[in-house]
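Shown next: entry-v2.cif, containing mmCIF, C-alpha atoms.
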data_target
#
loop_
_atom_site.label_atom_id
_atom_site.label_comp_id
_atom_site.auth_asym_id
_atom_site.auth_seq_id
_atom_site.Cartn_x
_atom_site.Cartn_y
_atom_site.Cartn_z
CA MET A 1 -14.73 -39.06 5.92
CA THR A 2 -11.98 -41.23 7.41
CA VAL A 3 -9.36 -39.99 9.84
CA ALA A 4 -6.72 -40.25 7.12
CA GLU A 5 -8.82 -38.23 4.67
CA ASP A 6 -9.53 -35.61 7.31
CA ALA A 7 -5.81 -35.31 8.10
CA GLU A 8 -4.96 -34.98 4.41
CA ARG A 9 -7.64 -32.30 3.97
CA SER A 10 -6.47 -30.29 6.98
CA SER A 11 -2.87 -30.37 5.72
CA LEU A 12 -3.75 -28.57 2.50
CA PRO A 13 -3.20 -24.80 2.22
CA ASP A 14 -6.32 -22.69 2.67
CA GLY A 15 -6.49 -22.05 -1.06
CA ARG A 16 -6.69 -25.79 -1.82
CA ARG A 17 -9.48 -26.62 0.62
CA GLY A 18 -13.11 -26.77 -0.36
CA ALA A 19 -15.69 -24.27 0.83
CA ARG A 20 -16.32 -26.30 3.98
CA GLY A 21 -12.69 -25.77 5.01
CA TRP A 22 -13.04 -21.99 5.15
CA PRO A 23 -14.23 -20.38 8.39
CA ARG A 24 -17.58 -18.73 7.93
CA VAL A 25 -16.28 -15.61 9.66
CA ARG A 26 -14.36 -14.78 6.51
CA TRP A 27 -17.54 -14.18 4.56
CA ARG A 28 -18.92 -12.15 7.43
CA TRP A 29 -15.87 -9.91 7.13
CA VAL A 30 -16.46 -9.58 3.39
CA THR A 31 -20.15 -8.67 3.65
CA GLY A 32 -19.65 -6.54 6.75
CA GLY A 33 -16.69 -4.76 5.16
CA PHE A 34 -18.63 -3.99 2.01
CA ALA A 35 -21.51 -2.59 4.05
CA ALA A 36 -19.12 -0.54 6.21
CA ALA A 37 -17.31 0.89 3.18
CA LEU A 38 -20.60 1.79 1.50
CA ALA A 39 -21.90 3.38 4.71
CA ALA A 40 -18.70 5.38 5.20
CA GLY A 41 -18.81 6.68 1.63
CA SER A 42 -22.47 7.60 2.00
CA LEU A 43 -21.97 9.37 5.33
CA PHE A 44 -19.01 11.30 3.92
CA ALA A 45 -21.14 12.45 0.99
CA LEU A 46 -24.06 13.48 3.19
CA VAL A 47 -21.77 15.59 5.37
CA LEU A 48 -20.32 17.27 2.28
CA ARG A 49 -23.78 17.91 0.86
CA GLY A 50 -24.74 19.60 4.10
CA SER A 51 -21.98 22.15 3.55
CA GLY A 52 -23.92 23.64 0.64
CA GLU A 53 -20.88 23.48 -1.67
CA TRP A 54 -21.44 19.99 -3.03
CA GLU A 55 -21.75 20.84 -6.72
CA HIS A 56 -19.04 23.50 -7.00
CA GLY A 57 -16.53 22.26 -4.44
CA LEU A 58 -15.66 23.63 -1.03
CA PRO A 59 -13.70 26.92 -1.02
CA TRP A 60 -10.51 25.19 0.11
CA GLU A 61 -10.92 22.58 -2.63
CA ARG A 62 -11.14 25.21 -5.35
CA ALA A 63 -8.13 27.03 -3.91
CA PHE A 64 -6.14 23.79 -3.66
CA LEU A 65 -6.81 22.80 -7.28
CA LEU A 66 -6.04 26.27 -8.60
CA HIS A 67 -2.66 26.22 -6.82
CA LEU A 68 -1.52 22.93 -8.37
CA ASP A 69 1.52 23.46 -10.57
CA PRO A 70 0.39 23.27 -14.24
CA THR A 71 3.91 23.75 -15.61
CA LEU A 72 5.30 20.23 -15.35
CA PRO A 73 7.66 19.08 -18.10
CA ARG A 74 5.91 17.57 -21.12
CA TRP A 75 7.06 14.04 -20.28
CA ALA A 76 5.74 14.31 -16.70
CA ASP A 77 2.47 15.81 -17.88
CA GLY A 78 2.04 13.01 -20.41
CA LEU A 79 2.79 10.42 -17.75
CA LEU A 80 0.08 11.80 -15.48
CA VAL A 81 -2.39 11.69 -18.39
CA VAL A 82 -1.61 8.12 -19.44
CA LEU A 83 -0.91 6.25 -16.20
CA PRO A 84 -4.42 6.56 -14.68
CA TRP A 85 -5.81 4.48 -17.56
CA LEU A 86 -4.15 1.47 -15.92
CA GLY A 87 -5.69 2.15 -12.50
CA THR A 88 -9.37 2.40 -13.32
CA ASN A 89 -11.77 -0.39 -12.37
CA TYR A 90 -12.71 -0.85 -16.01
CA THR A 91 -9.11 -1.70 -16.92
CA LEU A 92 -8.36 -3.63 -13.76
CA LEU A 93 -11.49 -5.78 -13.96
CA PRO A 94 -10.42 -8.05 -16.86
CA LEU A 95 -6.77 -8.02 -15.78
CA VAL A 96 -7.43 -8.94 -12.14
CA LEU A 97 -10.14 -11.49 -12.90
CA GLY A 98 -7.89 -13.04 -15.55
CA ALA A 99 -5.03 -13.30 -13.05
CA ALA A 100 -7.41 -14.72 -10.43
CA ALA A 101 -8.69 -17.33 -12.89
CA TRP A 102 -5.12 -18.35 -13.75
CA LEU A 103 -4.19 -18.67 -10.07
CA TRP A 104 -7.34 -20.70 -9.39
CA LEU A 105 -6.98 -23.08 -12.32
CA ARG A 106 -3.22 -23.46 -12.75
CA THR A 107 -1.71 -23.08 -9.28
CA PRO A 108 -2.45 -24.24 -5.73
CA HIS A 109 -2.97 -20.62 -4.63
CA ARG A 110 -6.75 -20.53 -4.60
CA ALA A 111 -7.20 -18.28 -1.58
CA PRO A 112 -5.28 -15.36 -3.18
CA ALA A 113 -7.20 -15.98 -6.40
CA LEU A 114 -10.53 -15.67 -4.64
CA GLN A 115 -9.29 -12.69 -2.64
CA LEU A 116 -8.32 -10.81 -5.81
CA ALA A 117 -11.68 -11.54 -7.44
CA VAL A 118 -13.69 -10.50 -4.38
CA VAL A 119 -11.71 -7.31 -3.83
CA GLN A 120 -11.97 -6.29 -7.49
CA LEU A 121 -15.71 -6.95 -7.79
CA GLY A 122 -16.36 -5.16 -4.51
CA SER A 123 -14.27 -2.17 -5.60
CA LEU A 124 -16.24 -1.84 -8.82
CA ALA A 125 -19.58 -2.23 -7.04
CA LEU A 126 -18.74 0.36 -4.38
CA ASN A 127 -17.61 2.85 -7.02
CA VAL A 128 -20.70 2.47 -9.21
CA LEU A 129 -23.18 2.45 -6.32
CA LEU A 130 -21.79 5.60 -4.71
CA LYS A 131 -21.56 7.44 -8.04
CA ILE A 132 -25.19 6.59 -8.82
CA LEU A 133 -26.39 7.48 -5.33
CA PHE A 134 -24.72 10.90 -5.12
CA ASP A 135 -24.03 12.01 -8.72
CA ARG A 136 -21.64 14.87 -7.93
CA PRO A 137 -20.58 17.05 -10.91
CA ARG A 138 -16.91 17.04 -11.78
CA PRO A 139 -14.78 20.17 -11.34
CA ASP A 140 -15.02 22.74 -14.11
CA LEU A 141 -12.05 24.95 -13.18
CA TRP A 142 -10.24 24.03 -16.40
CA PRO A 143 -10.73 21.50 -19.24
CA LYS A 144 -10.61 17.96 -17.89
CA ARG A 145 -8.12 15.52 -19.39
CA GLY A 146 -7.39 11.82 -19.29
CA GLN A 147 -9.71 9.01 -18.28
CA PHE A 148 -12.92 9.80 -16.40
CA ALA A 149 -16.46 8.46 -16.45
CA LEU A 150 -19.73 8.80 -14.55
CA ALA A 151 -19.97 11.14 -11.56
CA SER A 152 -17.13 12.79 -9.67
CA TYR A 153 -17.85 11.32 -6.22
CA PRO A 154 -16.06 9.23 -5.16
CA SER A 155 -12.81 8.67 -7.02
CA GLY A 156 -12.95 5.18 -8.46
CA HIS A 157 -9.19 5.28 -8.94
CA ALA A 158 -8.77 5.92 -5.21
CA ILE A 159 -11.06 3.03 -4.28
CA ALA A 160 -9.38 0.65 -6.71
CA GLY A 161 -5.90 1.86 -5.82
CA LEU A 162 -6.33 1.46 -2.07
CA SER A 163 -8.18 -1.84 -2.23
CA VAL A 164 -7.27 -3.73 -5.40
CA LEU A 165 -3.75 -2.52 -6.12
CA LEU A 166 -2.63 -2.55 -2.50
CA THR A 167 -4.01 -6.09 -2.24
CA VAL A 168 -1.76 -6.95 -5.19
CA ALA A 169 1.13 -5.22 -3.41
CA LEU A 170 0.50 -7.18 -0.20
CA LEU A 171 0.37 -10.48 -2.08
CA LEU A 172 3.59 -9.62 -3.91
CA ALA A 173 5.28 -8.73 -0.62
CA ARG A 174 4.19 -12.03 0.91
CA ALA A 175 5.69 -13.81 -2.09
CA GLY A 176 9.00 -12.06 -1.48
CA GLN A 177 8.59 -9.57 -4.35
CA ARG A 178 9.10 -6.47 -2.22
CA ALA A 179 10.49 -4.30 -5.02
CA ALA A 180 7.45 -5.02 -7.18
CA ALA A 181 5.16 -4.35 -4.21
CA ALA A 182 6.84 -0.98 -3.63
CA LEU A 183 6.39 -0.05 -7.30
CA VAL A 184 2.68 -0.85 -7.12
CA ALA A 185 2.31 1.26 -3.97
CA ALA A 186 4.19 4.15 -5.61
CA TYR A 187 1.92 3.89 -8.64
CA VAL A 188 -1.13 4.22 -6.37
CA LEU A 189 0.20 7.49 -4.92
CA LEU A 190 1.01 8.84 -8.38
CA CYS A 191 -2.44 7.92 -9.61
CA LEU A 192 -4.13 9.70 -6.70
CA TYR A 193 -2.20 12.88 -7.44
CA SER A 194 -3.02 12.65 -11.15
CA ARG A 195 -6.77 12.77 -10.48
CA LEU A 196 -6.34 16.23 -8.97
CA TYR A 197 -3.70 17.42 -11.44
CA LEU A 198 -5.94 16.53 -14.40
CA GLY A 199 -8.89 18.37 -12.87
CA VAL A 200 -11.27 15.41 -12.92
CA HIS A 201 -11.90 15.17 -9.15
CA TRP A 202 -12.40 17.40 -6.15
CA PRO A 203 -9.97 16.62 -3.31
CA THR A 204 -12.85 15.29 -1.19
CA ASP A 205 -13.70 12.83 -3.99
CA VAL A 206 -10.21 11.40 -3.68
CA LEU A 207 -10.27 11.49 0.13
CA ALA A 208 -13.60 9.66 0.18
CA GLY A 209 -12.24 7.05 -2.24
CA VAL A 210 -9.22 6.54 0.01
CA VAL A 211 -11.47 6.01 3.04
CA VAL A 212 -13.82 3.62 1.21
CA GLY A 213 -10.93 1.73 -0.37
CA ALA A 214 -9.01 1.47 2.91
CA ILE A 215 -12.03 -0.01 4.70
CA TRP A 216 -12.56 -2.51 1.91
CA LEU A 217 -8.85 -3.40 1.89
CA TRP A 218 -8.66 -3.89 5.65
CA THR A 219 -11.77 -6.03 5.94
CA THR A 220 -10.88 -8.25 2.98
CA VAL A 221 -7.37 -8.75 4.34
CA LYS A 222 -8.97 -9.86 7.60
CA ALA A 223 -11.36 -12.09 5.69
CA PHE A 224 -8.62 -13.93 3.80
CA ARG A 225 -5.98 -14.02 6.53
#

Full structure transcribed into structure tokens:
Amino acid sequence: MTVAEDAERSSLPDGRRGARGWPRVRWRWVTGGFAAALAAGSLFALVLRGSGEWEHGLPWERAFLLHLDPTLPRWADGLLVVLPWLGTNYTLLPLVLGAAAWLWLRTPHRAPALQLAVVQLGSLALNVLLKILFDRPRPDLWPKRGQFALASYPSGHAIAGLSVLLTVALLLARAGQRAAAALVAAYVLLCLYSRLYLGVHWPTDVLAGVVVGAIWLWTTVKAFR
């Protein structure tokens, strides 16, 4: 490679460079972050199992769920039933990968495209692995409503919300779309509450998902900085 070619290559944004232009430490952050998130979720589950109330929820969890207000207006209740369908990994997967493909193929923003794809695939993998490993029954305090699948632990919506959707919010904020970023962040909070309101998760399922998702978010942000 000539000096001129090297200068031209180094002047390109990170997303336009080839694989050789990306520091290897980024992929160490990705793999290390995935391992750390999986380990944190596993440790959290093992501690909960040791309490002896794994299948039926801890006493404070049952009390918390039973004290949630079930008398919301019909429009608010309907909103909490419908909105979580947009925040599950199964809905986000084609949407996020489609957006990542568009960014990769049609714009110069290849680093954000790859970041979105990595975060989404990691979120899905963490959710499925932890659900298979620990297979916690869902709450049975009242009939469950809305979208839910597989085991209760951890909350896949919490993992996806904290990692995937907040990655979207960060990218929007960097692009100057702060109002849109704030809306995405508000949606994440609403979605977390809905998982408890609809009776499909124990509070510790959601808390574990937040922890796992936050670790995955932080390490992938570091990886693609």

| query | For the file shown, what are the residues hit by the PyMOL selection byres ((chain A and resi 123) around 9), laid out as a list of chain:residue names? | reply | A:Phe34, A:Asn89, A:Val118, A:Val119, A:Gln120, A:Leu121, A:Gly122, A:Leu124, A:Ala125, A:Leu126, A:Asn127, A:Val128, A:Gly156, A:Ile159, A:Ala160, A:Ser163, A:Val164, A:Val212, A:Gly213, A:Trp216

| task | Name the residues that the PyMOL selection byres ((chain A and resi 112) around 9) picks from the file above, as an MDAnalysis selection string, using the file's chain letters and numbers. | result | chainID A and resid 15 100 103:104 109:111 113:117 171 224

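What separates CA of Leu133 in chain A from CA of Val30 in chain A is a distance of 21.6 Å.
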
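CA of Phe134 in chain A lies 24.3 Å from CA of Trp218 in chain A.
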
| request: Excluding Arg62 in chain A and residues on its chain fewer than 2 positions from it, collect all residues at most 10 Å away from it, counting all atoms listed in the file, and give them as a VMD selection string. | output: chain A and resid 56 to 60 64 to 67 139 to 141 202 to 203

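CA of Thr219 in chain A sits 20.7 Å away from CA of Ala175 in chain A.
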
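Using all atoms listed in the file, the protein and nucleic acid residues lying no more than 9 Å from His157 in chain A, apart from those fewer than 5 places from it along its own chain, are Pro84, Gly87, Thr88, Asn89, Asn127, Leu162, Val188, Cys191, Leu192, Arg195, Val206 and Gly209 of chain A.
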
| said: Which residues, named as in the file, does the PyMOL selection byres ((chain A and resi 184) around 10) pick out? Answer as a ChimeraX atom specification. | reply: /A:161,165-170,172,178-183,185-190

Suppose we keep C-alpha atoms; can you now write the selection as a PDB file, in the coordinates of the input?
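As written to disk, selection.pdb reads:
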ATOM      1  CA  GLY A 161      -5.900   1.860  -5.820  1.00  0.00           C
ATOM      2  CA  LEU A 165      -3.750  -2.520  -6.120  1.00  0.00           C
ATOM      3  CA  LEU A 166      -2.630  -2.550  -2.500  1.00  0.00           C
ATOM      4  CA  THR A 167      -4.010  -6.090  -2.240  1.00  0.00           C
ATOM      5  CA  VAL A 168      -1.760  -6.950  -5.190  1.00  0.00           C
ATOM      6  CA  ALA A 169       1.130  -5.220  -3.410  1.00  0.00           C
ATOM      7  CA  LEU A 170       0.500  -7.180  -0.200  1.00  0.00           C
ATOM      8  CA  LEU A 172       3.590  -9.620  -3.910  1.00  0.00           C
ATOM      9  CA  ARG A 178       9.100  -6.470  -2.220  1.00  0.00           C
ATOM     10  CA  ALA A 179      10.490  -4.300  -5.020  1.00  0.00           C
ATOM     11  CA  ALA A 180       7.450  -5.020  -7.180  1.00  0.00           C
ATOM     12  CA  ALA A 181       5.160  -4.350  -4.210  1.00  0.00           C
ATOM     13  CA  ALA A 182       6.840  -0.980  -3.630  1.00  0.00           C
ATOM     14  CA  LEU A 183       6.390  -0.050  -7.300  1.00  0.00           C
ATOM     15  CA  ALA A 185       2.310   1.260  -3.970  1.00  0.00           C
ATOM     16  CA  ALA A 186       4.190   4.150  -5.610  1.00  0.00           C
ATOM     17  CA  TYR A 187       1.920   3.890  -8.640  1.00  0.00           C
ATOM     18  CA  VAL A 188      -1.130   4.220  -6.370  1.00  0.00           C
ATOM     19  CA  LEU A 189       0.200   7.490  -4.920  1.00  0.00           C
ATOM     20  CA  LEU A 190       1.010   8.840  -8.380  1.00  0.00           C
TER      21      LEU A 190
END

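Protein, DNA and RNA residues at most 6 Å from (-12.5, 10.9, -10.1), with all atoms listed in the file, are these: Ser152, Ser155, Gly156, Val200 and His201 of chain A.
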
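For the choices A:Phe148, A:Leu79, A:Pro137, A:Leu68, the atom-to-atom distance to Glu53 in chain A is smallest for A:Pro137 when using only C-alpha atoms.
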
Axis-aligned box for all listed atoms of range 165-175 of chain A, 5 Å per side, centre and edges in Å to one decimal, as lines of an AutoDock Vina configuration file:
center_x = 0.8
center_y = -8.2
center_z = -2.6
size_x = 19.7
size_y = 21.3
size_z = 17.0
